[in-house]
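Just below is one structure, and these are the notes that go with it.
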Amino acid sequence: MLDAEEDFDVSGRPLRPRPVDLEPFFRPATVAVIGASDTPGRPNTGITRQLRAWAERVGARMFPVNPGRETVDGLPCYPDLSAVPVPGGEPIDVAVILLADPAAVVPQLVEAKVRFAVAFASGFAETGEAGAAAQQRLAQLIAEAPTGLRLLGPNTNLNAFERFRDDLTGPAVALITQSGHQGRPVFAMQELGVRLSHWAPTGNEADLEVSDFVRWFADQPEVGAIAAYIEGLKDGREFLLAADHAARRGVPVVAVKVGRTSDGARMAASHTGKLTGADEVVDAAFRQFGVIRVDGLDELQDTAALLARARPPVADGVAVYSISGGTGAHLADLASARGLVLPRLDEAKQQELHQWIPDYLSVANPIDNGGHPVGDWRGRKILDAILADPSVGVLICPITGPFPPMSDKLAQDLVEVAETTDKLVCVIWGSPVGTEAAYRETLLGSSRVAVFRTFGNCVGAVAAYLEHHRFTTGYRSPFDSAPRTPCAGKAKAQRVLHAGRQLSEVAAKQLLRAYGIRVPREQLVTSAAGAVRAAGVVGYPVVLKASAPEVAHKTELGLVKVGLTSASQVRDAFRELTDNARAAGIDRMDGVLVCQMVESGVEMVLGIGQDPTFGPTVTVGLGGIFVEVLRDTAVRVPPFACADVMAMLGELRGRPLLDGVRGGPPMDVDALADVVMRVQRMALELGDDLAELDINPLMVLERGKGVVALDAFAVCR
């Protein structure tokens, strides 16, 4: 653990999640209902009764609060919180506010030392500017409460107080949603035998947010996986800290995050009043910290259920076993497309399987049994033999439709063999009916078989399962090694920055030099004669470039001349550049840069951006003049480690160029990774002053020769 003085990185952002003990919220001893009612037909009456039933289930004492009533449903009713006779003078654990203006009762909550308040009222940030201002006032009141009061909502619902099945065993799924209706399919998984432990409907998150529940759920021994429906993240860093905490604990987090499109982002803002960050940044941030992103609610429930209940894999290999060659081939295609490995079974194993499967059928993997063996004693022998293979860690058996009695026997064999192995056994029951006994009773009655209804959901969940365990096995938190004190270059860089201005190439390269990033030999000149003298110092051949703060794309404006080998060429190029600059309407120039001509290599782009949710970001990709066309880039959110840089490079379609192509030499990837880490340091240390940095091209030379930043521009905040 970090010392108290080391709780923040060099950017001033926290390095560990804020601790919120949610036990008194989910298991309170006392519950007060402000605005309680028993008037027939009133919404508050139904809510009061549901809360009373929930309080009884969790062993809490409920106190109705309403100045207009003496009793509510036979319980004594109190005019305000100060009159509530809390046993032993203890604080009230949960106060549920059934009033339109929850801010009005905050003083009561503070005086009574309430631990958690729940506000159902809507009309806040989801409604526009006036509502957002009201929500901000409510949030400020909660933040200033001297008693540590925490608030769920506003614009939340009763999902946290649902009746959960208590007859299910095994690891559970904990659910977090910013829209109650979107959590219904996951809640309904209990009817399929999947245990649900908690449901946190976070609403508009004036105080408590998704991150608080992720962190706390990851510490609960009964929670095997966390499922989340997220419309927007209130604080990107807090979410990543919570995801990091879950990754350290080995608890998978599966999330639907809306906002992939402009339409989805607009609806998310209107629903919960949050900004959605750039979607590629969300994807990258989730991957960095092991959050499994899915698109559909069906994927959310299937993937979370599998990850909660499955034991760690003993091997990565997937065996596909079916009664039809076509079915096996179809599933094998989908599995391979998702990156699953289907190992070819060796000759000895194939001969063993052919004891029970006709010789004319393929058993190399996929394994086609032809149908009949599953109906008798041979079916179990085949399953045992497949699972005994050391290369197989997952068995997937697609049953596209019921064919009793053989499908009943196959289902029973799969359930029985799953009880004998630590390996994952998955079954796809493809019947659209879903009322068959083999499905409803046999397969769903087993906690050891993972049952799916579609091929896509199965292979997606299995891929997530294997990737989660690979990720957590080697996980090292980047927050542990995040820089906490600024480097010497920060002071030099800050002298270059000017608020609200775009820096010229000369000034941007000064930033790079301050952080030890190599740039070409170059001189800034203001005359043709000066350009000739500078070329002699820099050494021919040279490049001439116009340098001005407002110019980002010089090539398109004719402001770059390359490969100049003589004084006359330099003199002519200088005049042409200044003429082109005037023609382009550039009023203010620093001058002309005379630059060393750097040998050829692989042109990359490297830069810093600002995301509204996560803050500074670092992007690397193929560079040059086609960067906007190719868009072959990868992004990460600081802090990250050198291993993450290598993963970024691995995401690029152009990654093979760095390894050398057509007999060419490999490039200096280690030097490239070092520069990316230096730029990350800039992003952290200068994030409050630097809005954008673009190094393009960043020339990666042959291995051992390093990396050179040929051009750069920067935009200050």
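Ordered as shown in the structure tokens, chains take letters A, B, and onward, while each chain numbers its residues from 1 and ligands are numbered from 1 in the order shown.
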Which polymer residues have any atom within 9 Å of an atom of Arg681 in chain A, counting only C-alpha atoms, with same-chain residues fewer than 2 positions away left out, as a list in words?
Val10, Pro483, Pro486, Cys487, Tyr515, Pro638, Pro639, Val676, Met677, Arg678, Val679, Ala683, Leu684, Glu685 and Leu686 of chain A
Generate the output file for the selected residues, all heavy atoms, as a short mmCIF file (atom, residue, chain, number, x, y, z; two decimals), in the first residue's frame.
data_model
loop_
_atom_site.label_atom_id
_atom_site.label_comp_id
_atom_site.auth_asym_id
_atom_site.auth_seq_id
_atom_site.Cartn_x
_atom_site.Cartn_y
_atom_site.Cartn_z
N VAL A 10 2.10 12.52 -10.17
CA VAL A 10 2.69 13.82 -10.45
C VAL A 10 1.67 14.78 -11.06
O VAL A 10 1.87 16.01 -11.03
CB VAL A 10 3.90 13.63 -11.39
CG1 VAL A 10 3.46 13.23 -12.79
CG2 VAL A 10 4.79 14.86 -11.42
N PRO A 483 4.73 7.93 -11.67
CA PRO A 483 5.64 8.95 -11.10
C PRO A 483 4.91 9.84 -10.10
O PRO A 483 3.77 10.25 -10.32
CB PRO A 483 6.09 9.74 -12.33
CG PRO A 483 5.04 9.50 -13.36
CD PRO A 483 4.53 8.12 -13.11
N PRO A 486 7.95 15.37 -10.06
CA PRO A 486 8.26 15.79 -11.44
C PRO A 486 9.73 15.61 -11.77
O PRO A 486 10.59 15.65 -10.90
CB PRO A 486 7.85 17.26 -11.45
CG PRO A 486 7.91 17.69 -10.03
CD PRO A 486 7.54 16.50 -9.21
N CYS A 487 9.99 15.40 -13.06
CA CYS A 487 11.37 15.27 -13.50
C CYS A 487 11.96 16.67 -13.75
O CYS A 487 11.25 17.67 -13.74
CB CYS A 487 11.45 14.42 -14.77
SG CYS A 487 10.72 15.21 -16.22
N TYR A 515 12.36 16.85 -22.36
CA TYR A 515 12.08 15.49 -21.87
C TYR A 515 12.99 14.44 -22.51
O TYR A 515 12.68 13.24 -22.48
CB TYR A 515 10.61 15.16 -22.10
CG TYR A 515 9.74 15.77 -21.03
CD1 TYR A 515 9.31 17.08 -21.13
CD2 TYR A 515 9.39 15.06 -19.88
CE1 TYR A 515 8.53 17.67 -20.14
CE2 TYR A 515 8.63 15.62 -18.89
CZ TYR A 515 8.20 16.94 -19.02
OH TYR A 515 7.45 17.50 -18.02
N PRO A 638 -2.68 7.32 -19.38
CA PRO A 638 -1.68 7.23 -18.32
C PRO A 638 -2.33 7.07 -16.95
O PRO A 638 -3.43 7.60 -16.74
CB PRO A 638 -0.94 8.58 -18.42
CG PRO A 638 -1.22 9.07 -19.82
CD PRO A 638 -2.60 8.59 -20.12
N PRO A 639 -1.65 6.33 -16.03
CA PRO A 639 -0.31 5.77 -16.21
C PRO A 639 -0.36 4.40 -16.87
O PRO A 639 -1.33 3.66 -16.72
CB PRO A 639 0.19 5.66 -14.76
CG PRO A 639 -1.05 5.38 -13.97
CD PRO A 639 -2.14 6.17 -14.64
N VAL A 676 7.78 6.80 -26.20
CA VAL A 676 6.37 6.79 -25.79
C VAL A 676 6.26 6.98 -24.28
O VAL A 676 5.40 7.74 -23.79
CB VAL A 676 5.68 5.48 -26.22
CG1 VAL A 676 4.24 5.44 -25.69
CG2 VAL A 676 5.68 5.34 -27.74
N MET A 677 7.13 6.34 -23.52
CA MET A 677 7.10 6.50 -22.07
C MET A 677 7.46 7.94 -21.67
O MET A 677 6.91 8.48 -20.71
CB MET A 677 8.07 5.51 -21.42
CG MET A 677 7.64 4.05 -21.55
SD MET A 677 6.08 3.68 -20.72
CE MET A 677 6.61 3.76 -19.00
N ARG A 678 8.38 8.57 -22.39
CA ARG A 678 8.73 9.96 -22.10
C ARG A 678 7.55 10.89 -22.41
O ARG A 678 7.30 11.85 -21.67
CB ARG A 678 9.97 10.37 -22.89
CG ARG A 678 11.24 9.69 -22.42
CD ARG A 678 12.43 10.02 -23.32
NE ARG A 678 13.61 9.29 -22.91
CZ ARG A 678 14.49 9.70 -22.00
NH1 ARG A 678 14.32 10.89 -21.43
NH2 ARG A 678 15.52 8.97 -21.66
N VAL A 679 6.85 10.60 -23.50
CA VAL A 679 5.68 11.42 -23.83
C VAL A 679 4.58 11.21 -22.79
O VAL A 679 3.86 12.15 -22.43
CB VAL A 679 5.19 11.08 -25.25
CG1 VAL A 679 3.81 11.68 -25.52
CG2 VAL A 679 6.19 11.62 -26.28
N ALA A 683 2.61 13.98 -20.62
CA ALA A 683 1.15 14.05 -20.48
C ALA A 683 0.75 14.20 -19.03
O ALA A 683 -0.17 14.96 -18.69
CB ALA A 683 0.52 12.80 -21.09
N LEU A 684 1.43 13.49 -18.14
CA LEU A 684 1.10 13.56 -16.73
C LEU A 684 1.54 14.89 -16.11
O LEU A 684 0.80 15.51 -15.35
CB LEU A 684 1.76 12.40 -15.98
CG LEU A 684 1.15 11.01 -16.21
CD1 LEU A 684 2.05 9.93 -15.62
CD2 LEU A 684 -0.24 10.93 -15.60
N GLU A 685 2.75 15.31 -16.45
CA GLU A 685 3.31 16.49 -15.78
C GLU A 685 2.81 17.81 -16.35
O GLU A 685 2.72 18.80 -15.63
CB GLU A 685 4.84 16.45 -15.86
CG GLU A 685 5.44 15.30 -15.07
CD GLU A 685 6.95 15.36 -14.99
OE1 GLU A 685 7.56 16.20 -15.66
OE2 GLU A 685 7.52 14.57 -14.23
N LEU A 686 2.47 17.82 -17.64
CA LEU A 686 2.08 19.07 -18.29
C LEU A 686 0.61 19.10 -18.66
O LEU A 686 0.17 20.01 -19.37
CB LEU A 686 2.93 19.29 -19.56
CG LEU A 686 4.44 19.29 -19.38
CD1 LEU A 686 5.12 19.47 -20.73
CD2 LEU A 686 4.89 20.37 -18.40
#
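Residues in contact range of Cys595 in chain A, defined as at most 7 Å between only C-alpha atoms, with sequence neighbours fewer than 6 positions away removed, read Pro520, Arg521, Glu522, Gln523, Val538, Val542, Val543 and Leu544 of chain A.
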Those same residues - N, CA and C atoms - I'd like them written as a PDB file, in the first residue's frame.
ATOM      1  N   PRO A 520      16.293  16.455 -34.819  1.00  0.00           N
ATOM      2  CA  PRO A 520      17.432  16.609 -35.735  1.00  0.00           C
ATOM      3  C   PRO A 520      18.272  17.838 -35.382  1.00  0.00           C
ATOM      4  N   ARG A 521      19.498  17.853 -35.890  1.00  0.00           N
ATOM      5  CA  ARG A 521      20.281  19.096 -35.825  1.00  0.00           C
ATOM      6  C   ARG A 521      19.562  20.123 -36.693  1.00  0.00           C
ATOM      7  N   GLU A 522      19.383  21.326 -36.176  1.00  0.00           N
ATOM      8  CA  GLU A 522      18.640  22.316 -36.942  1.00  0.00           C
ATOM      9  C   GLU A 522      18.924  23.712 -36.400  1.00  0.00           C
ATOM     10  N   GLN A 523      18.705  24.697 -37.272  1.00  0.00           N
ATOM     11  CA  GLN A 523      18.855  26.099 -36.874  1.00  0.00           C
ATOM     12  C   GLN A 523      17.700  26.886 -37.463  1.00  0.00           C
ATOM     13  N   VAL A 538      24.789  22.493 -40.282  1.00  0.00           N
ATOM     14  CA  VAL A 538      23.989  21.282 -40.077  1.00  0.00           C
ATOM     15  C   VAL A 538      24.536  20.124 -40.895  1.00  0.00           C
ATOM     16  N   VAL A 542      19.963  18.877 -46.605  1.00  0.00           N
ATOM     17  CA  VAL A 542      19.164  19.496 -45.550  1.00  0.00           C
ATOM     18  C   VAL A 542      17.705  19.589 -45.985  1.00  0.00           C
ATOM     19  N   VAL A 543      16.871  19.880 -44.987  1.00  0.00           N
ATOM     20  CA  VAL A 543      15.443  20.137 -45.184  1.00  0.00           C
ATOM     21  C   VAL A 543      15.166  21.555 -44.718  1.00  0.00           C
ATOM     22  N   LEU A 544      14.373  22.315 -45.488  1.00  0.00           N
ATOM     23  CA  LEU A 544      13.945  23.647 -45.073  1.00  0.00           C
ATOM     24  C   LEU A 544      12.445  23.624 -44.821  1.00  0.00           C
TER      25      LEU A 544
END
Can you list, as JSON, numbers by chain, every residue of range 105-260 of chain A that DSSP puts in helix (DSSP H, G or I)?
{"A": [105, 106, 107, 108, 109, 110, 111, 125, 126, 127, 129, 130, 131, 132, 133, 134, 135, 136, 137, 138, 139, 140, 141, 142, 143, 144, 159, 160, 161, 180, 181, 182, 183, 184, 185, 186, 187, 188, 189, 190, 191, 192, 210, 211, 212, 213, 214, 215, 216, 217, 218, 236, 237, 238, 239, 240, 241, 242, 243, 244, 245, 246, 247, 248, 249]}
Write out as a list in words the residues lying within 7 Å of Asp93 in chain A, counting only C-alpha atoms and excluding same-chain residues fewer than 6 positions away.
Pro24, Phe25, Pro28, Ala29, Thr30, Val31, Val114, Arg115 and Phe116 of chain A
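Of the residues listed (A:Trp54, A:Phe217, A:Tyr475, A:Phe63), A:Phe63 shows the shortest atom-to-atom separation from Asp80 in chain A; distances use only C-alpha atoms.
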Determine, counting only C-alpha atoms, which protein, DNA and RNA residues have an atom within 12 Å of an atom of Arg137 in chain A; residues of the same chain fewer than 3 positions away are not included. Present the result as a count of residues only.
19
List every residue of range 61-159 of chain A that has an atom at most 9 Å from any atom of range 41-52 of chain A, giving for each one its closest atom pair and the distance in Å to one decimal, counting only C-alpha atoms, sorted by chain and then by ascending residue number, as a tab-separated table.
residue	atom	partner	partner_atom	distance
A:Arg61	CA	A:Arg52	CA	8.6
A:Met62	CA	A:Arg52	CA	6.4
A:Pro64	CA	A:Thr48	CA	8.2
A:Val72	CA	A:Thr48	CA	8.9
A:Asp73	CA	A:Arg49	CA	8.4
A:Val96	CA	A:Leu51	CA	8.8
A:Leu98	CA	A:Asn44	CA	6.7
A:Leu158	CA	A:Ile47	CA	7.8
What does the distance from CA of Thr578 in chain A to CA of Ala691 in chain A come to in Å, to one decimal?
29.0 Å
